[in-house]
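Peer 1: Here you go, one structure.
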Amino acid sequence: MKLKICTIEYDHYISRLSSGMLKYQGSLQAKYSQFFQVAIVVLVLICGLLITPAQGQSQPSFPVVLDGRQIFQVSSTKASTAKDRAESISSQLKAVVKSEKSPQIEIKQVNSSPTIWINDRYILSITPKDNPGNIDPEKLAVTWANDIRTLVQKSQQERDIKFTRNISLLTVAILIIALFVNRSLGILCKITQRKFSQILESYASLGDYITTLNFLLRTTLILARIGLWVAVVLYITNLFPVTRYWSYKISSSIITSLTSPILKNNSLVDIFILIGLFLGLIILSGTATNLLRSRVLQALTISLGVQEAIAVICKYALIGIGSVVLLQVWGVDLSSLAILASALGVGIGFGFQDIAKNFGSGIVLLFERPIQVGDFVEVGQYMGTVEHIGARSVVIRTLERVSIIVPNSQFLEKEVINWSHQNPVSGIPITVGVAYGSDMEEVKIALLDAADAHSDVLRFPPPQVFFQGFENNILNFKLLIWIDKPNQQSVIKSDIYFLIAASLKQHKIDIPLNSHNLHVNSGDLPIKLSEQLEQALLHLSQGMNGTLVNKDN
């Protein structure tokens with residue numbers, strides 16, 4: 001009964017959550033999504049700048065570890081490094097643990113420095129470098145001695161057979177619970193997926209979101225299961241001394257390799273953070289540019305080409321200025337980048353000529369604006385609408401709805417037909433041939449009627465009919481129409497041809513078939529044949545006669 005009530009409450013909660021999401025989804029995404037993106041990226045950039053040091057710091061001390069537990073840290077001496085000294089102390093503590101004797105710790109003064117002894121075994125001397133906080137050396141020695149005693153006794157207890165048996169049983173119980181939780185997560189994901197799918201299917205406009213919902217739920221399930229088993233493995237490894245020791249060694253090796261300075265006191269983590277900051281800067285610049293384009297530039301009475309030019313210039317200006325600020329905050333001397341700039345110049349001269357040429361052409365296109373976003377252009381064999389003008393290429397959407405990426409240099413090196421340049425009105429010539437004997441005035445009327453019948457043909461300038469001249473078997477006419485939709489010229493031209501065919505048929509005007517006359521200018525007849533050709537023809541005719549006789553028989 002309780003399980004049924006819980007299930008009903010869960011279904012009710014899912015229904016309310018889904019209805020609330022559907023109610024506010026459109027308005028929140030339309031109004032605040034871009035602002036949230038900007039705020040999050042800015043917050044990440046600020047946190048990255050605050051937590052990242054300008055220069056990497058070295059670690060003069062090294063930890064003393066027993067069974068994967070850190071006790072304290074020691075510094076280097078004249079005789080040995082901090083790492084060698086810490087490993088020596090750790091090995092002596094392991095020997096004490098294996099001896100299974102109760103640790104008897106003594107503190108002795110040797111050369112005016114307190115030393116720690118366990119079971120008459122010398123462990124370490126406390127040096128001034130070991131005491132960066134200027135604590136009383138005697139008190140520090142007592143504190144370290146108590147920590148050593150506690151961990152040695154704990155390590156000896158963990159090596160007892162009874163303790164190992166109890167920890168093994170606990171490990172089995174943890175694994176069983178983890179398997180149960182892993183299975184429960186899968187069941188919960190299926191129930192949630194089914195409930196949300198039923199709610200979304202009830203809305204016809206939201207049926208496409210089911211695939212996205214299933215992907216998000218599966219991703220959440222995978223991440224939850226990974227987090228569960230990572231937590232289980234870490235907890236179990238900390239139960240046993242041996243696994244705890246190796247877990248500590250692996251994690252410390254990874255941390256050391258990531259935090260060790262490699263480039264001018266900057267560790268690998270610092271470099272990754274710098275790369276992340278640059279990526280965040282690029283995302284922030286793109287989001288700010290989209291906000292500028294959608295919220296500011298669209299409200300102004302300027303063309304799409306000018307809007308795109310302003311947006312692209314602002315984007316690259318933000319990236320350039322932000323990169324300089326990041327490098328200065330990071331502590332990079334910008335004057336040292338002169339060598340990199342020289343190498344980049346050589347690289348451009350040898351290997352990046354096309355990229356540099358296209359980038360320069362893109363700047364010329366943005367400022368000179370021979371083409372703009374929304375123009376209908378023809379470049380070589382490609383014809384379509386300009387959708388995007390980038391730093392290296394221009395994206396053209398053809399009449400077949402195919403995106404063609406054309407390098408910027410093509411628009412400066414070749415002839416470009418821009419049907420929308422300054423004035424979208426374009427003249428479309430249509431050639432028509434009619435038969436000889438047709439009434440020319442009737443032909444003109446028929447062609448003008450076909451042009452007037454199409455709604456996309458402009459009334460001003462008015463359509464015109466021109467007589468092109470006499471050709472073989474046809475009278476050639478040209479109908480010139482004007483349209484203000486150059487991207488629809490293929491469709492309009494096809495419609496006009498259909499209308500012309502119907503109009504000519506209505507006016508009883510014939511369109512002749514294409515025919516050719518062959519005139520043969522021969523000499524004397526009959527034609528004289530050579531003797532060899534006569535013999536060959538005679539032989540061929542005798543063979544054919546014999547074949548016909550055999551068939552008749």
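Convention: chains lettered A, B, ... in structure tokens order; per-chain residue numbering from 1; ligands numbered from 1 as shown.
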With a distance cut-off of 12 Å and only C-alpha atoms, select the neighbouring residues of A:Arg149, excluding the residue or stretch itself and same-chain residues fewer than 3 positions from it, and output the selection as a list in words.

Peer 2: Leu66, Ile71, Leu93, Val96, Val97, Lys101, Ser102, Pro103, Gln104, Ile105, Glu106, Ile116, Trp117, Ile118, Asn119, Val142, Thr143, Trp144, Ala145, Asn146, Val152, Gln153, Lys154, Ser155 and Gln156 of chain A

Peer 1: List the spatial neighbours of stretch 494-503 of chain A as a list in words - criterion: any atom at most 10 Å away, only C-alpha atoms, same-chain residues fewer than 6 positions off excluded.

Peer 2: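 Residues near the query, excluding close chain neighbours: Ile430, Thr431, Val432, Val443, Ile445, Ala446, Leu447, Leu448, Asp449, Ala450, Ala451, Asp452, Ala453, His454, Val457, Leu479, Ile481, Ile509, Asp510 and Ile511 of chain A.
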
Peer 1: Please write the residues from the selection above to a file, keeping C-alpha atoms, as a PDB file, in the first residue's frame.

Peer 2:
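Written file, result_36.pdb:
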ATOM      1  CA  ILE A 430      13.512  34.793 -72.451  1.00  0.00           C
ATOM      2  CA  THR A 431      14.075  33.723 -76.080  1.00  0.00           C
ATOM      3  CA  VAL A 432      11.178  32.298 -78.125  1.00  0.00           C
ATOM      4  CA  VAL A 443       3.224  37.044 -81.172  1.00  0.00           C
ATOM      5  CA  ILE A 445       0.544  40.240 -77.644  1.00  0.00           C
ATOM      6  CA  ALA A 446       0.866  36.548 -76.709  1.00  0.00           C
ATOM      7  CA  LEU A 447       4.249  37.064 -75.061  1.00  0.00           C
ATOM      8  CA  LEU A 448       3.069  40.148 -73.121  1.00  0.00           C
ATOM      9  CA  ASP A 449      -0.052  38.264 -71.977  1.00  0.00           C
ATOM     10  CA  ALA A 450       2.164  35.472 -70.626  1.00  0.00           C
ATOM     11  CA  ALA A 451       4.312  38.002 -68.752  1.00  0.00           C
ATOM     12  CA  ASP A 452       1.279  39.815 -67.301  1.00  0.00           C
ATOM     13  CA  ALA A 453      -0.172  36.533 -66.078  1.00  0.00           C
ATOM     14  CA  HIS A 454       2.697  35.971 -63.606  1.00  0.00           C
ATOM     15  CA  VAL A 457       6.824  39.945 -62.899  1.00  0.00           C
ATOM     16  CA  LEU A 479      10.783  38.708 -74.014  1.00  0.00           C
ATOM     17  CA  ILE A 481      10.833  40.775 -67.905  1.00  0.00           C
ATOM     18  CA  ILE A 509       0.817  30.457 -83.219  1.00  0.00           C
ATOM     19  CA  ASP A 510       3.013  27.497 -84.158  1.00  0.00           C
ATOM     20  CA  ILE A 511       6.438  26.731 -82.793  1.00  0.00           C
TER      21      ILE A 511
END

Peer 1: Please provide the set of residues having any atom within 8 Å of A:Ser197, restricted to only C-alpha atoms, with same-chain residues fewer than 4 positions apart removed, written as a PyMOL selection string.

Peer 2: chain A and resi 193+201+210

Peer 1: For the residues selected in the previous step, produce a file with all heavy atoms as a compact mmCIF listing (two decimals), in the first residue's frame.

Peer 2:
# COMPACT_ATOMS: atom_id res chain seq x y z
N GLN A 193 11.72 8.09 -18.07
CA GLN A 193 11.65 8.21 -19.53
C GLN A 193 10.25 7.90 -20.04
O GLN A 193 9.73 8.61 -20.91
CB GLN A 193 12.66 7.25 -20.15
CG GLN A 193 12.68 7.26 -21.68
CD GLN A 193 13.71 6.29 -22.24
OE1 GLN A 193 14.48 5.69 -21.49
NE2 GLN A 193 13.73 6.15 -23.54
N GLU A 201 4.27 13.14 -25.81
CA GLU A 201 3.49 12.65 -26.94
C GLU A 201 2.09 13.25 -26.98
O GLU A 201 1.46 13.30 -28.04
CB GLU A 201 3.41 11.12 -26.90
CG GLU A 201 4.72 10.43 -27.26
CD GLU A 201 4.63 8.93 -27.11
OE1 GLU A 201 3.59 8.45 -26.59
OE2 GLU A 201 5.60 8.24 -27.48
N ILE A 210 11.28 14.04 -27.81
CA ILE A 210 11.40 12.74 -27.14
C ILE A 210 12.80 12.17 -27.33
O ILE A 210 13.41 11.64 -26.39
CB ILE A 210 10.33 11.77 -27.69
CG1 ILE A 210 8.93 12.29 -27.34
CG2 ILE A 210 10.53 10.37 -27.12
CD1 ILE A 210 7.81 11.42 -27.87

Peer 1: Rounded to one decimal in Å, what is the spacing between atom CA of A:Val64 and atom CA of A:Ala86?

Peer 2: 5.0 Å

Peer 1: Write out as a PyMOL selection string which residues come within 12 Å of A:Ser438 when counting only C-alpha atoms, dropping same-chain ones fewer than 2 positions away.

Peer 2: chain A and resi 433-436+440-444+446+473-477+504+507-512

Peer 1: Would you save the residues of that selection, restricted to C-alpha atoms, as a short mmCIF file (atom, residue, chain, number, x, y, z; two decimals), in the first residue's frame?

Peer 2:
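Dumped to again30.cif:
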data_model
loop_
_atom_site.label_atom_id
_atom_site.label_comp_id
_atom_site.auth_asym_id
_atom_site.auth_seq_id
_atom_site.Cartn_x
_atom_site.Cartn_y
_atom_site.Cartn_z
CA GLY A 433 11.08 31.16 -81.77
CA VAL A 434 7.89 30.97 -83.87
CA ALA A 435 7.16 29.68 -87.37
CA TYR A 436 7.42 31.76 -90.53
CA MET A 440 4.22 39.40 -85.41
CA GLU A 441 1.73 41.59 -83.56
CA GLU A 442 -0.10 38.48 -82.33
CA VAL A 443 3.22 37.04 -81.17
CA LYS A 444 3.98 40.23 -79.26
CA ALA A 446 0.87 36.55 -76.71
CA ASN A 473 12.72 28.20 -90.18
CA ILE A 474 11.98 30.50 -87.21
CA LEU A 475 11.30 34.09 -86.32
CA ASN A 476 13.32 34.83 -83.21
CA PHE A 477 11.79 36.99 -80.41
CA LEU A 504 0.93 30.80 -78.14
CA HIS A 507 -3.39 32.63 -80.24
CA LYS A 508 -2.85 29.72 -82.67
CA ILE A 509 0.82 30.46 -83.22
CA ASP A 510 3.01 27.50 -84.16
CA ILE A 511 6.44 26.73 -82.79
CA PRO A 512 8.29 24.97 -85.65
#

Peer 1: Can you work out which one of A:Ser61, A:Ser80, A:Ser75, A:Gln157 has the shortest atom-to-atom distance to A:Thr127, counting only C-alpha atoms?

Peer 2: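 Among the listed residues, A:Ser75 lies closest to A:Thr127.
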
Peer 1: Taking the DSSP secondary structure from the backbone, can you list the residues of stretch 420-503 of chain A that are alpha helix (DSSP H), as a PyMOL selection string?

Peer 2: chain A and resi 440-452+489-503

Peer 1: Excluding same-chain residues fewer than 3 positions from A:Arg244, what lies within 12 Å of it counting only C-alpha atoms, as a count of residues only?

Peer 2: 23

Peer 1: Point out the residue among A:Pro114, A:Gly380, A:Gly133, A:Pro424 with the least atom-to-atom distance to A:Leu458, counting only C-alpha atoms.

Peer 2: A:Pro424

Peer 1: Taking only C-alpha atoms into account, which of A:Pro137, A:Val232, A:Thr212, A:Ile148 comes nearest A:Ala178?

Peer 2: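 Answer, going by the shortest atom-to-atom distance: A:Val232.
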
Peer 1: Quick one: everything within 10 Å of A:Ser88, counting only C-alpha atoms, minus sequence neighbours fewer than 6 positions away in the same chain. Send it as a short mmCIF file (atom, residue, chain, number, x, y, z; two decimals) with N, CA and C atoms, in the first residue's frame.

Peer 2:
data_model
loop_
_atom_site.label_atom_id
_atom_site.label_comp_id
_atom_site.auth_asym_id
_atom_site.auth_seq_id
_atom_site.Cartn_x
_atom_site.Cartn_y
_atom_site.Cartn_z
N VAL A 64 55.66 12.50 4.50
CA VAL A 64 55.96 11.19 5.06
C VAL A 64 54.65 10.41 5.11
N ALA A 82 64.52 16.39 0.25
CA ALA A 82 63.30 16.18 1.02
C ALA A 82 62.65 14.85 0.66
N ILE A 123 64.54 7.69 14.10
CA ILE A 123 63.60 7.94 13.01
C ILE A 123 63.94 9.22 12.26
N LEU A 124 64.01 10.36 12.97
CA LEU A 124 64.31 11.62 12.28
C LEU A 124 64.71 12.67 13.28
#

Peer 1: How would you write, as a list in words, the set of residues in stretch 117-263 of chain A that DSSP gives as strand (DSSP E)?

Peer 2: Trp117, Ile118, Arg121, Tyr122, Ile123, Leu124, Ser125, Pro261, Ile262 and Leu263 of chain A

Peer 1: Please produce an output containing N, CA and C atoms for each residue in the selection, written as a PDB file, in the first residue's frame.

Peer 2:
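What ended up in result_12.pdb:
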ATOM      1  N   TRP A 117      62.752   8.807  18.414  1.00  0.00           N
ATOM      2  CA  TRP A 117      63.223   7.432  18.413  1.00  0.00           C
ATOM      3  C   TRP A 117      62.033   6.523  18.698  1.00  0.00           C
ATOM      4  N   ILE A 118      61.963   5.363  18.005  1.00  0.00           N
ATOM      5  CA  ILE A 118      60.926   4.370  18.254  1.00  0.00           C
ATOM      6  C   ILE A 118      61.599   3.037  18.511  1.00  0.00           C
ATOM      7  N   ARG A 121      65.085   2.901  17.931  1.00  0.00           N
ATOM      8  CA  ARG A 121      65.439   3.067  16.517  1.00  0.00           C
ATOM      9  C   ARG A 121      65.320   4.557  16.156  1.00  0.00           C
ATOM     10  N   TYR A 122      66.376   5.117  15.593  1.00  0.00           N
ATOM     11  CA  TYR A 122      66.354   6.525  15.205  1.00  0.00           C
ATOM     12  C   TYR A 122      65.442   6.704  13.995  1.00  0.00           C
ATOM     13  N   ILE A 123      64.542   7.689  14.096  1.00  0.00           N
ATOM     14  CA  ILE A 123      63.597   7.938  13.014  1.00  0.00           C
ATOM     15  C   ILE A 123      63.940   9.222  12.255  1.00  0.00           C
ATOM     16  N   LEU A 124      64.006  10.359  12.968  1.00  0.00           N
ATOM     17  CA  LEU A 124      64.306  11.617  12.282  1.00  0.00           C
ATOM     18  C   LEU A 124      64.713  12.673  13.281  1.00  0.00           C
ATOM     19  N   SER A 125      65.329  13.719  12.776  1.00  0.00           N
ATOM     20  CA  SER A 125      65.673  14.925  13.535  1.00  0.00           C
ATOM     21  C   SER A 125      64.870  16.087  12.967  1.00  0.00           C
ATOM     22  N   PRO A 261      56.277  22.256 -12.673  1.00  0.00           N
ATOM     23  CA  PRO A 261      56.522  23.277 -13.697  1.00  0.00           C
ATOM     24  C   PRO A 261      57.234  22.687 -14.902  1.00  0.00           C
ATOM     25  N   ILE A 262      56.750  23.072 -16.109  1.00  0.00           N
ATOM     26  CA  ILE A 262      57.368  22.564 -17.345  1.00  0.00           C
ATOM     27  C   ILE A 262      57.792  23.719 -18.260  1.00  0.00           C
ATOM     28  N   LEU A 263      57.005  24.795 -18.298  1.00  0.00           N
ATOM     29  CA  LEU A 263      57.319  25.926 -19.164  1.00  0.00           C
ATOM     30  C   LEU A 263      57.316  27.196 -18.328  1.00  0.00           C
TER      31      LEU A 263
END
